[in-house]
Number of protein chains: 2
Amino acid sequence: MIDQKMYELGSRRSVIRELFEFGKKRAAEIGAENVFDFSIGNPSVEAPVAVSDTIKEILSWQPTTKIHGYTSAQGDPIARKAIADNLNERYNQKFSADHVYLTCGAAASLTISLRSLIDADDENVVVFAPFFTEYRVFIESMGAQINVVPALLPSFGLNIEAFKKQVNEKTVAVIINSPNNPTGVIYPEDQLKALAEVLEEKSKEYGHTIYIISDEPYREIAYEKQTPFITNFYKDSIICYSYSKSLSLPGERIGYIIVPNEATDSDKLYAAICGAGRSLGFICAPAMWQHLIAKCCGLTSDLSIYAQNRDLLFNGLTELGFECVHPDGAFYLFVKCMEEDANKFCERAKQYNLLLVPSDDFGCPGYVRVAYCVSADMIKRSMPAFAELAKSYK
Amino acid sequence: MIDQKMYELGSRRSVIRELFEFGKKRAAEIGAENVFDFSIGNPSVEAPVAVSDTIKEILSWQPTTKIHGYTSAQGDPIARKAIADNLNERYNQKFSADHVYLTCGAAASLTISLRSLIDADDENVVVFAPFFTEYRVFIESMGAQINVVPALLPSFGLNIEAFKKQVNEKTVAVIINSPNNPTGVIYPEDQLKALAEVLEEKSKEYGHTIYIISDEPYREIAYEKQTPFITNFYKDSIICYSYSKSLSLPGERIGYIIVPNEATDSDKLYAAICGAGRSLGFICAPAMWQHLIAKCCGLTSDLSIYAQNRDLLFNGLTELGFECVHPDGAFYLFVKCMEEDANKFCERAKQYNLLLVPSDDFGCPGYVRVAYCVSADMIKRSMPAFAELAKSYK
């Protein structure tokens with residue numbers, strides 16, 4: 001009586017995992033310095049020194065049960081207040097600490113938010129292609145449908161006209177992710193306004209609120225312009241965040257959900273989020289990391305390193321004739337393949353020891369995701385390999 | 001479109017939460033030293049000094065991305081090997097590191113295990129009363145039914161005859177929890193053997209394996225006798241563990257699942273567990289705590305303190321005329337109420353500033369759970385209050 005869906009989910013070899021194994025094998029054969037792994041979104045920039053210093057300070061608390069004890073399920077009140085205060089100051093919001101819910105990172109923020117809204121099997125959640133591959137896993141394994149809005153080319157912004165065809169009376173939520181994984185695009189204000197208008201109209205038409213779930217782990221990795229804050233456009237938004245990228249703590253699993261006070265049924269929704277967290281088995285977010293966030297939520301790693309990487313890679317690849325949208329943030333470049341089939345393109349790239357992720361699972365075939373959370377040195381050393389790859393298509 | 005079940009789960013005020021609020025109010029009125037809070041299962045014993053020392057050592061690793069980066073979803077290979085080696089040595093098992101799955105604690109171990117098995121809405125999971133209250137939440141919110149085996153009085157062991165009536169062809173798993181929350185009982189070997197026999201017979205009869213999910217957060221808090229290891233009795237067991245109690249790290253969310261190699265469909269089940277973890281939003285267990293476990297999984301806090309508390313409380317209460325089973329482990333005493341309705345009994349106890357948890361939600365009315373993970377001093381000071389409570393029923 002093993003669940004077949006879970007078995008398939010756990011046993012299907014992921015493309016990224018296979019690239020990882022290939023990379024290890026090639027590194028043994030030709031030396032790690034000659035393999036160019038652009039497949040993983042694991043932050044390459046070090047955590048701020050304050051992280052280590054703060055942990056050491058917390059470790060001096062007595063007794064240790066104060067450090068490591070359970071917090072309330074919503075999270076330590078001091079951490080919740082620090083998060084609300086920080087966002088209120090930076091984005092001119094009015095979040096209250098008692099509508100902040102600490103989580104084990106972005107994935108937990110998403111599954112808990114989705115679980116608080118998805119009730120019946122015939123409901124759906126709308127996403128914009130290209131989208132982070134796990135959205136499909138989370139939505140479908142809760143028994144809902146994923147309605148995919150086709151990509152808006154060539155900008156990879158929000159395709160509002162196509163969106164209207166995907167939203168219907170069974171839609172409970174729309175996920176947006178800006179800066180976007182895999183394109184690096186920050187959705188512009190006019191598109192967010194247009195999205196909000198459609199959602200207000202549709203919520204009225206269907207007689208229930210359609211929430212935006214705003215997945216924002218890359219919020220602070222924004223180069224020339226700030227990431228517009230979603231609640232300034234649509235009040236019925238659930239903010240999902242993780243410190244994985246901004247503080248370079250991806251393995252530590254610490255993030256949050258915020259339900260704005262002005263959202264429709266705000267208290268009820270927050271209670272449902274508490275219930276969803278409980279039912280999924282999240283007792284509380286890791287306590288010591290909560291205590292750290294209480295002190296460090298205003299800091300970030302040195303994110304300018306990613307901007308330098310972006311310039312190196314974008315300029316290098318476009319000079320070689322590759323087509324890609326100029327990323328506003330995050331640490332991904334979404335590059336058009338030089339043949340139709342992204343998997344074949346990636347196979348050919350492997351001949352030049354370039355590990356790239358085909359875009360099919362992101363809901364937008366024909367591209368590759370190139371993660372530039374790597375050393376600048378590796379980007380420079382990889383350029384001859386990209387040049388050979390491009391030349392092979394001439 | 002907010003999920004009504006999740007809303008109810010998140011908004012229902014828990015008994016323990018209400019006791020906590022009452023305790024705070026009374027502490028302000030009469031002084032914290034005069035309020036006797038026995039309601040919470042939060043370890044009172046400090047974490048071993050090695051925990052703090054090891055974290056400081058890990059913080060010296062360079063670069064910090066090695067400390068805080070993602071591990072694989074199953075967990076860091078070094079931590080998985082350390083856990084398997086430690087159990088193999090202590091319990092003469094043959095666990096392999098690639099069947100260990102690191103989790104965010106016991107609740108996550110349980111929801112992931114349940115999700116890997118529960119497929120259809122008409123399935124059920126059997127539990128033995130009294131049982132940890134969240135089992136019901138986890139099972140029912142996955143759409144399955146909870147089949148409760150009535151308590152075996154007065155020993156609170158496994159009620160095998162009653163169990164036979166609760167298991168049927170739609171049973172996918174049985175949860176056992178030994179040492180038990182809320183009774184402190186360690187199920188004896190002969191009962192585990194009898195349970196295994198019934199399950200072998202029923203699995204054959206129904207043509208599918210019924211797994212035991214063994215929830216073992218109190219495994220090491222065992223006084224006069226060791227906790228029997230479940231795989232020595234039934235090979236189709238899933239081991240769910242947490243370091244919350246043994247290392248006094250409840251807030252840090254670190255534990256594991258093990259699928260024994262000899263279990264039926266072992267590889268398939270492990271893959272389904274990986275899939276379930278992924279679908280519920282558990283990317284990996286907190287990385288720094290995984291690195292700690294790799295070094296400290298053989299240690300425990302000074303658990304002898306709980307044995308001293310048990311003696312103080314058990315002897316004190318039985319001398320006052322209270323009836324309760326002698327706990328073999330964990331840190332709970334399950335005491336018979338002096339009137340039928342446990343809620344009324346707890347209300348009366350509050351008049352003497354005693355905070356006790358009524359047993360109704362544990363599936364066994366008429367008792368209270370008294371958590372003795374508190375200071376020995378508080379236990380001593382509470383005795384006159386217990387005496388007055390008993391006297392009020394004379």
# chains A, B, ... in the order shown; residues from 1 in each chain; ligands from 1
>>> residues_around(residues="range 384-391 of chain A", least_positions_apart="2", cutoff="12 Å", atoms="only C-alpha atoms", output="MDAnalysis selection string")
chainID A and resid 34:38 313:314 316:323 335:339 345:356 370 378:382 393:394
>>> residues_around(residues="range 303-312 of chain B", least_positions_apart="6", cutoff="7 Å", atoms="only C-alpha atoms", output="list of chain:residue names")
B:Ile221, B:Tyr223, B:Phe331, B:Tyr372, B:Cys373, B:Ala376
>>> closest_residue(among="B:Glu262, B:Asp121, B:Glu161, B:Glu21", to="Gly143 in chain A", atoms="only C-alpha atoms")
B:Asp121
>>> residues_around(residues="range 64-74 of chain A", least_positions_apart="5", cutoff="9 Å", atoms="only C-alpha atoms", output="VMD selection string")
(chain A and resid 58 to 59 80 98 to 103 274 277 to 278 282 to 288 290 to 291) or (chain B and resid 42 to 47 52 244 248 to 252)
>>> residues_around(residues="range 3-9 of chain B", least_positions_apart="3", cutoff="6 Å", atoms="only C-alpha atoms", output="NGL selection string")
(:A and (116-117 or 119 or 271-272 or 275-276)) or (:B and (12))
>>> select_by_dssp(residues="range 153-390 of chain B", states="strand (DSSP E)", output="PyMOL selection string")
chain B and resi 171-177+211-215+237-242+255-258+332-336+354-355+357-358+367-371
>>> residues_around(residues="Tyr206 in chain B", least_positions_apart="3", cutoff="8 Å", atoms="only C-alpha atoms", output="PDB file with C-alpha atoms, in the first residue's frame")
ATOM      1  CA  ASN B 168      -8.923  -4.402   8.481  1.00  0.00           C
ATOM      2  CA  GLU B 169      -8.161  -4.614   4.773  1.00  0.00           C
ATOM      3  CA  LYS B 202      -3.358  -9.858   8.619  1.00  0.00           C
ATOM      4  CA  SER B 203      -0.832  -8.717   6.013  1.00  0.00           C
TER       5      SER B 203
END
>>> residues_around(residues="Ser246 in chain B", least_positions_apart="6", cutoff="7 Å", atoms="only C-alpha atoms", output="ChimeraX atom specification")
/B:220,300-301
>>> closest_residue(among="A:Gly255, A:Gly329, A:Gly298, A:Gly281", to="Asn181 in chain A", atoms="only C-alpha atoms")
A:Gly329
>>> select_by_dssp(residues="range 163-287 of chain A", states="helix (DSSP H, G or I)", output="PyMOL selection string")
chain A and resi 163-166+189-206+230-232+250-252+266-280+287
